[in-house]
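What's in data_38.cif: mmCIF, C-alpha atoms (C1' of nucleotides)
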```
data_start
#
loop_
_atom_site.label_atom_id
_atom_site.label_comp_id
_atom_site.auth_asym_id
_atom_site.auth_seq_id
_atom_site.Cartn_x
_atom_site.Cartn_y
_atom_site.Cartn_z
CA MET A 1 -19.51 1.81 0.41
CA VAL A 2 -17.71 -0.77 2.51
CA LEU A 3 -15.32 1.81 3.87
CA PRO A 4 -15.24 1.55 7.62
CA PRO A 5 -17.31 3.49 10.10
CA LEU A 6 -15.18 5.95 12.00
CA VAL A 7 -14.26 4.15 15.14
CA LYS A 8 -13.08 5.85 18.26
CA GLY A 9 -10.82 4.83 21.07
CA SER A 10 -11.42 1.45 22.57
CA LEU A 11 -14.53 0.86 20.52
CA GLN A 12 -15.50 -2.68 19.64
CA ILE A 13 -12.65 -4.28 17.79
CA GLY A 14 -14.88 -7.33 17.64
CA LYS A 15 -17.29 -5.49 15.37
CA LEU A 16 -14.51 -4.57 12.99
CA ILE A 17 -13.43 -8.18 12.86
CA LEU A 18 -17.00 -9.24 12.19
CA LEU A 19 -17.23 -6.68 9.41
CA GLN A 20 -14.14 -8.19 7.80
CA LYS A 21 -15.66 -11.64 7.93
CA GLN A 22 -18.75 -10.29 6.21
CA ILE A 23 -16.63 -8.67 3.52
CA ALA A 24 -14.79 -11.97 2.99
CA CYS A 25 -18.12 -13.76 2.56
CA LYS A 26 -19.06 -11.57 -0.39
CA LEU A 27 -15.59 -11.68 -1.86
CA VAL A 28 -15.24 -12.40 -5.58
CA LEU A 29 -11.88 -13.84 -6.65
CA LYS A 30 -12.41 -14.34 -10.37
CA ASP A 31 -10.97 -12.29 -13.20
CA VAL A 32 -13.53 -9.76 -14.34
CA ILE A 33 -11.39 -8.25 -17.06
CA PRO A 34 -9.02 -9.78 -19.64
CA LEU A 35 -5.35 -9.26 -18.84
CA ASP A 36 -4.68 -7.99 -22.36
CA SER A 37 -7.09 -5.11 -21.97
CA ILE A 38 -5.38 -3.70 -18.89
CA ARG A 39 -3.53 -0.50 -19.56
CA PHE A 40 -4.14 1.93 -16.72
CA VAL A 41 -3.28 0.98 -13.18
CA CYS A 42 -3.59 2.98 -9.98
CA GLY A 43 -1.32 2.69 -6.95
CA LEU A 44 -2.07 3.57 -3.32
CA ASP A 45 0.26 4.31 -0.43
CA ALA A 46 0.42 6.58 2.60
CA ALA A 47 3.00 8.35 4.72
CA TYR A 48 2.60 10.19 7.99
CA SER A 49 3.30 13.81 8.65
CA ARG A 50 3.63 15.04 12.22
CA ILE A 51 1.45 18.06 11.52
CA TYR A 52 -1.05 16.78 9.00
CA LYS A 53 -1.17 13.14 9.99
CA GLY A 54 -2.07 10.86 7.13
CA VAL A 55 -0.84 11.74 3.61
CA ALA A 56 -2.23 9.35 1.02
CA VAL A 57 -1.23 9.39 -2.64
CA ALA A 58 -2.97 7.70 -5.54
CA THR A 59 -1.01 7.36 -8.75
CA LEU A 60 -2.08 6.47 -12.27
CA ILE A 61 0.38 4.55 -14.43
CA ASP A 62 0.19 3.72 -18.11
CA ILE A 63 1.45 0.18 -18.49
CA HIS A 64 2.37 0.80 -22.13
CA ASN A 65 5.01 3.45 -21.58
CA ARG A 66 5.42 2.71 -17.86
CA LYS A 67 5.03 6.33 -16.96
CA LEU A 68 3.22 8.26 -14.28
CA ILE A 69 0.37 10.07 -15.99
CA ASP A 70 -1.56 11.40 -13.02
CA ALA A 71 -1.49 11.60 -9.24
CA ASN A 72 -3.72 12.77 -6.45
CA VAL A 73 -3.20 13.40 -2.74
CA ALA A 74 -5.48 13.30 0.30
CA LEU A 75 -4.78 14.51 3.83
CA GLY A 76 -6.60 13.21 6.87
CA THR A 77 -6.36 11.98 10.42
CA PRO A 78 -6.51 8.19 10.68
CA PRO A 79 -9.60 7.13 12.66
CA LEU A 80 -7.67 4.39 14.39
CA GLN A 81 -4.20 3.57 15.59
CA TYR A 82 -2.41 0.81 13.75
CA ILE A 83 -3.54 -2.64 14.80
CA PRO A 84 -2.22 -5.67 12.88
CA GLY A 85 -5.08 -7.09 10.84
CA LEU A 86 -7.13 -3.90 11.04
CA LEU A 87 -5.01 -1.66 8.85
CA ALA A 88 -7.91 -1.11 6.47
CA PHE A 89 -9.91 0.72 9.09
CA ARG A 90 -7.02 3.09 9.53
CA GLU A 91 -5.98 3.77 5.95
CA ALA A 92 -8.78 2.80 3.57
CA PRO A 93 -10.83 6.00 4.04
CA ILE A 94 -7.96 8.30 3.06
CA PHE A 95 -6.91 5.90 0.31
CA TYR A 96 -10.36 6.08 -1.15
CA THR A 97 -10.38 9.87 -1.01
CA ALA A 98 -7.08 10.01 -2.90
CA LEU A 99 -8.18 7.40 -5.43
CA ARG A 100 -11.63 8.73 -6.25
CA PRO A 101 -10.67 11.35 -8.88
CA LEU A 102 -8.64 8.75 -10.80
CA LEU A 103 -11.09 5.90 -10.43
CA HIS A 104 -12.84 6.19 -13.79
CA GLN A 105 -9.51 6.03 -15.63
CA CYS A 106 -8.05 2.87 -14.16
CA GLN A 107 -8.85 -0.81 -14.54
CA VAL A 108 -6.79 -2.19 -11.67
CA VAL A 109 -5.61 -0.80 -8.34
CA VAL A 110 -2.43 -1.85 -6.56
CA VAL A 111 -2.50 -1.30 -2.81
CA ASP A 112 0.41 -1.16 -0.36
CA GLY A 113 -0.59 -3.96 2.03
CA HIS A 114 -2.20 -7.38 1.82
CA GLY A 115 -5.31 -8.60 0.03
CA ILE A 116 -6.62 -12.02 1.05
CA SER A 117 -3.27 -12.90 2.62
CA HIS A 118 -4.90 -11.86 5.86
CA PRO A 119 -6.25 -13.71 8.93
CA ARG A 120 -9.83 -13.19 7.75
CA LYS A 121 -9.10 -12.91 4.01
CA ALA A 122 -9.92 -9.23 4.19
CA GLY A 123 -6.79 -7.10 4.00
CA ILE A 124 -6.86 -3.48 2.94
CA ALA A 125 -6.67 -4.34 -0.76
CA THR A 126 -9.79 -6.45 -0.33
CA HIS A 127 -11.63 -3.65 1.46
CA ILE A 128 -10.78 -1.24 -1.35
CA GLY A 129 -11.70 -3.72 -4.07
CA MET A 130 -15.10 -4.49 -2.59
CA ALA A 131 -15.77 -0.79 -2.15
CA ILE A 132 -14.96 0.22 -5.73
CA LYS A 133 -16.01 -3.06 -7.36
CA LYS A 134 -12.85 -3.22 -9.42
CA PRO A 135 -9.86 -5.56 -9.44
CA THR A 136 -7.37 -4.79 -6.68
CA ILE A 137 -4.00 -6.33 -5.83
CA GLY A 138 -2.23 -6.21 -2.48
CA VAL A 139 1.57 -5.92 -2.45
CA ALA A 140 3.12 -6.10 1.01
CA LYS A 141 6.74 -6.06 2.11
CA SER A 142 6.29 -8.63 4.87
CA LYS A 143 4.00 -11.46 5.83
CA LEU A 144 1.00 -11.00 8.08
CA ALA A 145 -0.52 -14.47 8.28
CA GLY A 146 -0.17 -18.01 6.99
CA THR A 147 2.77 -20.28 6.32
CA ILE A 148 5.25 -20.46 3.48
CA LYS A 149 4.70 -23.28 1.04
CA VAL A 150 6.96 -24.11 -1.87
CA VAL A 151 5.25 -25.31 -5.05
CA ASP A 152 7.38 -26.12 -8.09
CA GLY A 153 10.22 -24.13 -6.60
CA GLU A 154 8.02 -21.06 -6.17
CA LYS A 155 7.18 -19.62 -2.77
CA TYR A 156 3.59 -19.06 -1.73
CA VAL A 157 1.70 -18.21 1.42
CA GLU A 158 -0.78 -20.86 2.44
CA LEU A 159 -3.66 -19.95 4.71
CA GLN A 160 -6.59 -22.08 5.73
CA GLY A 161 -5.79 -24.59 3.02
CA GLN A 162 -5.57 -22.00 0.28
CA LEU A 163 -2.70 -20.36 -1.58
CA VAL A 164 -3.40 -16.71 -0.82
CA ALA A 165 -0.21 -15.00 -1.93
CA LYS A 166 2.90 -15.52 -4.00
CA VAL A 167 6.27 -14.39 -2.72
CA LEU A 168 8.30 -12.54 -5.31
CA VAL A 169 11.94 -11.85 -4.59
CA HIS A 170 12.82 -8.49 -6.06
CA ARG A 171 16.14 -6.75 -5.44
CA ASN A 172 16.84 -9.11 -2.53
CA ASN A 173 13.56 -8.18 -0.90
CA GLU A 174 10.39 -10.21 -0.64
CA LEU A 175 7.13 -8.92 -2.03
CA TYR A 176 3.91 -10.64 -1.00
CA VAL A 177 1.43 -10.42 -3.83
CA SER A 178 -2.16 -11.32 -3.08
CA PRO A 179 -5.47 -10.66 -4.79
CA GLY A 180 -7.66 -8.04 -3.15
CA ALA A 181 -10.88 -8.69 -5.06
CA TYR A 182 -12.18 -9.38 -8.58
CA ILE A 183 -8.94 -11.04 -9.69
CA THR A 184 -7.13 -14.35 -9.37
CA LEU A 185 -3.76 -14.87 -7.73
CA SER A 186 -2.11 -15.85 -11.01
CA SER A 187 -3.41 -12.79 -12.83
CA ALA A 188 -2.40 -10.56 -9.94
CA VAL A 189 1.13 -11.94 -10.08
CA LYS A 190 1.35 -11.46 -13.85
CA ILE A 191 0.32 -7.82 -13.56
CA ILE A 192 2.71 -7.08 -10.71
CA GLU A 193 5.62 -8.73 -12.50
CA ARG A 194 4.88 -6.51 -15.45
CA LEU A 195 5.11 -3.47 -13.18
CA LEU A 196 8.47 -4.23 -11.60
CA GLU A 197 11.58 -2.29 -12.56
CA PRO A 198 15.18 -3.36 -11.90
CA ASP A 199 15.96 -0.10 -10.15
CA LYS A 200 12.79 0.28 -8.10
CA SER A 201 11.96 -1.64 -4.95
CA LEU A 202 8.20 -1.67 -5.49
CA PRO A 203 5.90 -2.04 -8.49
CA LEU A 204 5.65 1.30 -10.35
CA PRO A 205 2.20 2.38 -9.10
CA THR A 206 3.01 1.94 -5.41
CA TYR A 207 6.62 2.97 -5.87
CA TYR A 208 5.54 6.41 -7.02
CA ALA A 209 2.80 6.60 -4.43
CA ASP A 210 5.35 5.72 -1.74
CA THR A 211 7.92 8.24 -2.96
CA LEU A 212 5.41 11.03 -3.37
CA SER A 213 3.59 10.50 -0.08
CA LYS A 214 6.86 10.53 1.86
CA MET A 215 8.08 13.60 0.01
CA LEU A 216 4.83 15.47 0.59
CA ALA A 217 4.75 14.54 4.28
CA ARG A 218 8.26 15.95 4.68
CA LYS A 219 7.53 19.13 2.74
CA LEU A 220 4.35 19.68 4.72
CA ASP A 221 6.20 19.38 8.02
CA LYS A 222 8.94 21.68 6.76
CA ARG A 223 6.21 24.05 5.58
CA VAL A 224 7.66 24.08 2.09
CA ILE A 225 4.19 23.22 0.85
CA GLU A 226 0.84 24.40 2.15
CA PRO A 227 -1.98 21.88 2.52
CA LYS A 228 -4.15 24.50 0.84
CA THR A 229 -1.98 24.28 -2.27
CA LEU A 230 -2.49 20.56 -2.48
CA LYS A 231 -6.22 20.96 -2.46
CA GLN A 232 -6.45 23.81 -4.93
CA HIS A 233 -4.14 22.48 -7.58
CA LYS A 234 -3.83 19.00 -8.82
CA LEU A 235 -0.77 17.24 -7.50
CA MET A 236 0.41 16.44 -11.00
CA ASP A 237 0.48 20.12 -11.91
CA ILE A 238 2.64 20.86 -8.90
CA LEU A 239 5.01 18.09 -9.84
CA ARG A 240 5.36 19.45 -13.35
CA ARG A 241 6.05 22.97 -12.11
CA THR A 242 8.38 22.28 -9.26
CA GLU A 243 11.83 20.85 -8.95
CA LEU A 244 10.15 18.02 -7.13
CA LEU A 245 9.94 16.39 -10.50
CA LEU A 246 11.84 13.14 -10.43
CA ILE A 247 9.81 11.38 -13.01
"C1'" DG B 1 0.06 -18.99 28.34
"C1'" DC B 2 3.22 -17.97 24.21
"C1'" DG B 3 4.48 -16.20 19.88
"C1'" DA B 4 3.22 -13.45 15.68
"C1'" DC B 5 1.90 -9.24 14.15
"C1'" DA B 6 0.58 -5.44 6.70
"C1'" DG B 7 1.52 0.00 7.71
"C1'" DA C 1 4.50 4.13 9.51
"C1'" DT C 2 8.06 7.39 12.16
"C1'" DC C 3 12.11 9.12 15.22
"C1'" DT C 4 17.47 9.97 12.80
"C1'" DT C 5 24.13 10.96 11.67
"C1'" DG C 6 27.34 9.01 10.33
"C1'" DT C 7 29.14 5.41 7.97
"C1'" DC C 8 30.23 1.21 5.14
"C1'" DG C 9 30.43 -0.09 0.37
"C1'" DC C 10 29.74 -0.23 -4.81
#
```
Can you turn what I pasted into structure tokens?
Amino acid sequence: MVLPPLVKGSLQIGKLILLQKQIACKLVLKDVIPLDSIRFVCGLDAAYSRIYKGVAVATLIDIHNRKLIDANVALGTPPLQYIPGLLAFREAPIFYTALRPLLHQCQVVVVDGHGISHPRKAGIATHIGMAIKKPTIGVAKSKLAGTIKVVDGEKYVELQGQLVAKVLVHRNNELYVSPGAYITLSSAVKIIERLLEPDKSLPLPTYYADTLSKMLARKLDKRVIEPKTLKQHKLMDILRRTELLLI
DNA sequence: GCGACAG
DNA sequence: ATCTTGTCGC
């Protein structure tokens, strides 16, 4: 798996950067699955709890009825502090842990963060995509690298002579959509547009992952929920049983 | 040297 | 990402 080695302290940032360049070399940016056949999509996001550190949530959405059909959570301490450009080494391990149980059911994964719209074309969505060998899409709320270029009245991010992301304006906010791996930019955009709702700031998969991870982080800190509970029962069962249900 | 900088 | 009350506005 391409998921990062656990790096400590001041350890060689140069090696992480080299690793990203190697990932980018092997990157596949072609569609590997017809758009029409896509029905189940996973979403990944994380929040931070003071006590339990990283709280990652993976969601599973059915594009047909646009509903949340499953969710999974993973708790863990990030191996690294946040460094722009190296987010994957901080969050990808816990993302993968949360995603794993849902992996066989989904055809595409939407990640909170960039794909190839990244200084080395290896954002967190690319890391995840190369690791699971499935199409991934990065959706970020702000730009990390590159310059804005307008083509036919549409805004894109250009980087190293390539259009790496499209800027979607949704509810007065910009969303940077970029392919992670195994998908083209145009297909990625079509899928994300299909997952946007007028009353939600993010595409459904990451919207629910965002909402749930923040909620769980808060409940964990308030000790309303025990970490043990999250491991023993499936998150979806808890959501169905509790008043936490906002879906 | 200076500015930029996902979450 | 997170620390955080009231407050402005639909």
Could you list the residues in chain A lying within 9 Å of chain C, using all atoms listed in the file, and format the result as an mmCIF file with C-alpha atoms, keeping the file's coordinate frame?
```
data_model
loop_
_atom_site.group_PDB
_atom_site.id
_atom_site.type_symbol
_atom_site.label_atom_id
_atom_site.label_comp_id
_atom_site.auth_asym_id
_atom_site.auth_seq_id
_atom_site.Cartn_x
_atom_site.Cartn_y
_atom_site.Cartn_z
ATOM 1 C CA ALA A 46 0.420 6.580 2.600
ATOM 2 C CA ALA A 47 3.000 8.350 4.720
ATOM 3 C CA TYR A 48 2.600 10.190 7.990
ATOM 4 C CA SER A 49 3.300 13.810 8.650
ATOM 5 C CA ARG A 50 3.630 15.040 12.220
ATOM 6 C CA TYR A 82 -2.410 0.810 13.750
#
```
Region 113-195 of chain A residues near chain B within 7 Å, closest pair each, using all atoms listed in the file, as a Markdown table:
```
| residue | atom | partner | partner_atom | distance |
| --- | --- | --- | --- | --- |
| A:Gly113 | CA | B:DA6 | C1' | 5.0 |
| A:His114 | CA | B:DA6 | C1' | 5.9 |
| A:Ala140 | CA | B:DA6 | C1' | 6.3 |
| A:Ser142 | CA | B:DA6 | C1' | 6.8 |
| A:Lys143 | CA | B:DA6 | C1' | 7.0 |
| A:Leu144 | CA | B:DA6 | C1' | 5.7 |
```
> For chain A against chain B, which residues fall within 12 Å using only C-alpha atoms (C1' of nucleotides), given as a PyMOL selection string?
Replying inline: chain A and resi 45-48+54+78+81-92+111-119+122-125+138-147+175-178+210
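In this structure, CA of Ile94 (chain A) sits 8.4 Å away from CA of Thr77 (chain A).
Picture a line from CA of Glu197 (chain A) to CA of Ala181 (chain A); it runs 24.5 Å.
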>> One number please: CA of Val110 (chain A) to CA of Pro135 (chain A), in Å, one decimal.
In response: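 For CA of Val110 (chain A) relative to CA of Pro135 (chain A), the distance reads 8.8 Å.
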Using 5 Å of padding on each side, determine the axis-aligned box around all atoms of chain B present in the file and give its centre and edge lengths in Å to one decimal, as AutoDock Vina command-line options.
```
--center_x 2.3 --center_y -9.5 --center_z 17.5 --size_x 14.4 --size_y 29.0 --size_z 31.6
```
>> At a cut-off of 12 Å, using only C-alpha atoms (C1' of nucleotides), what residues contact Gly153 (chain A)? Leave out same-chain residues fewer than 6 positions from it and give the result as a PyMOL selection string.
In response: chain A and resi 166-168
> Can you list what the PyMOL selection byres ((chain A and resi 211) around 12) grabs from this structure, as a PyMOL selection string?
Replying inline: chain A and resi 43-47+55-59+71+200-210+212-218+244-247
Regenerate region 164-183 of chain A at the level of N, CA, C and O atoms and dump it as a CSV table (one decimal), in the coordinates of the input.
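Listing of part22.csv after writing:
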```
chain,number,residue,atom,x,y,z
A,164,VAL,N,-2.8,-18.1,-0.8
A,164,VAL,CA,-3.4,-16.7,-0.8
A,164,VAL,C,-2.4,-15.7,-1.4
A,164,VAL,O,-2.9,-14.5,-1.7
A,165,ALA,N,-1.2,-16.0,-1.4
A,165,ALA,CA,-0.2,-15.0,-1.9
A,165,ALA,C,1.0,-15.7,-2.5
A,165,ALA,O,1.3,-16.8,-2.2
A,166,LYS,N,1.6,-15.0,-3.5
A,166,LYS,CA,2.9,-15.5,-4.0
A,166,LYS,C,4.0,-14.6,-3.5
A,166,LYS,O,3.8,-13.4,-3.4
A,167,VAL,N,5.1,-15.2,-3.2
A,167,VAL,CA,6.3,-14.4,-2.7
A,167,VAL,C,7.2,-14.2,-3.9
A,167,VAL,O,7.8,-15.1,-4.4
A,168,LEU,N,7.4,-12.9,-4.3
A,168,LEU,CA,8.3,-12.5,-5.3
A,168,LEU,C,9.5,-12.0,-4.7
A,168,LEU,O,9.5,-11.1,-3.8
A,169,VAL,N,10.7,-12.4,-5.1
A,169,VAL,CA,11.9,-11.8,-4.6
A,169,VAL,C,12.4,-10.8,-5.6
A,169,VAL,O,12.7,-11.2,-6.8
A,170,HIS,N,12.4,-9.6,-5.2
A,170,HIS,CA,12.8,-8.5,-6.1
A,170,HIS,C,13.9,-7.6,-5.4
A,170,HIS,O,13.7,-7.1,-4.3
A,171,ARG,N,15.0,-7.5,-6.0
A,171,ARG,CA,16.1,-6.8,-5.4
A,171,ARG,C,16.5,-7.2,-4.0
A,171,ARG,O,16.6,-6.4,-3.1
A,172,ASN,N,16.5,-8.5,-3.8
A,172,ASN,CA,16.8,-9.1,-2.5
A,172,ASN,C,15.8,-8.9,-1.5
A,172,ASN,O,16.0,-9.1,-0.3
A,173,ASN,N,14.6,-8.4,-1.9
A,173,ASN,CA,13.6,-8.2,-0.9
A,173,ASN,C,12.3,-9.0,-1.3
A,173,ASN,O,12.1,-9.2,-2.5
A,174,GLU,N,11.6,-9.4,-0.3
A,174,GLU,CA,10.4,-10.2,-0.6
A,174,GLU,C,9.2,-9.3,-0.8
A,174,GLU,O,9.0,-8.3,-0.1
A,175,LEU,N,8.4,-9.6,-1.8
A,175,LEU,CA,7.1,-8.9,-2.0
A,175,LEU,C,6.0,-10.0,-2.0
A,175,LEU,O,6.1,-11.0,-2.7
A,176,TYR,N,5.0,-9.7,-1.1
A,176,TYR,CA,3.9,-10.6,-1.0
A,176,TYR,C,2.8,-10.1,-1.8
A,176,TYR,O,2.1,-9.1,-1.5
A,177,VAL,N,2.5,-10.8,-2.9
A,177,VAL,CA,1.4,-10.4,-3.8
A,177,VAL,C,0.2,-11.3,-3.6
A,177,VAL,O,0.2,-12.5,-3.7
A,178,SER,N,-0.9,-10.6,-3.3
A,178,SER,CA,-2.2,-11.3,-3.1
A,178,SER,C,-3.3,-10.6,-3.7
A,178,SER,O,-3.3,-9.3,-3.8
A,179,PRO,N,-4.3,-11.3,-4.2
A,179,PRO,CA,-5.5,-10.7,-4.8
A,179,PRO,C,-6.3,-9.9,-3.7
A,179,PRO,O,-6.3,-10.4,-2.6
A,180,GLY,N,-6.8,-8.7,-4.1
A,180,GLY,CA,-7.7,-8.0,-3.2
A,180,GLY,C,-9.1,-8.5,-3.4
A,180,GLY,O,-9.7,-9.2,-2.6
A,181,ALA,N,-9.6,-8.2,-4.6
A,181,ALA,CA,-10.9,-8.7,-5.1
A,181,ALA,C,-11.0,-8.6,-6.6
A,181,ALA,O,-10.2,-8.0,-7.2
A,182,TYR,N,-11.9,-9.4,-7.1
A,182,TYR,CA,-12.2,-9.4,-8.6
A,182,TYR,C,-11.0,-9.7,-9.4
A,182,TYR,O,-10.8,-9.2,-10.6
A,183,ILE,N,-10.1,-10.6,-8.9
A,183,ILE,CA,-8.9,-11.0,-9.7
A,183,ILE,C,-8.4,-12.3,-9.1
A,183,ILE,O,-8.6,-12.6,-7.9
```
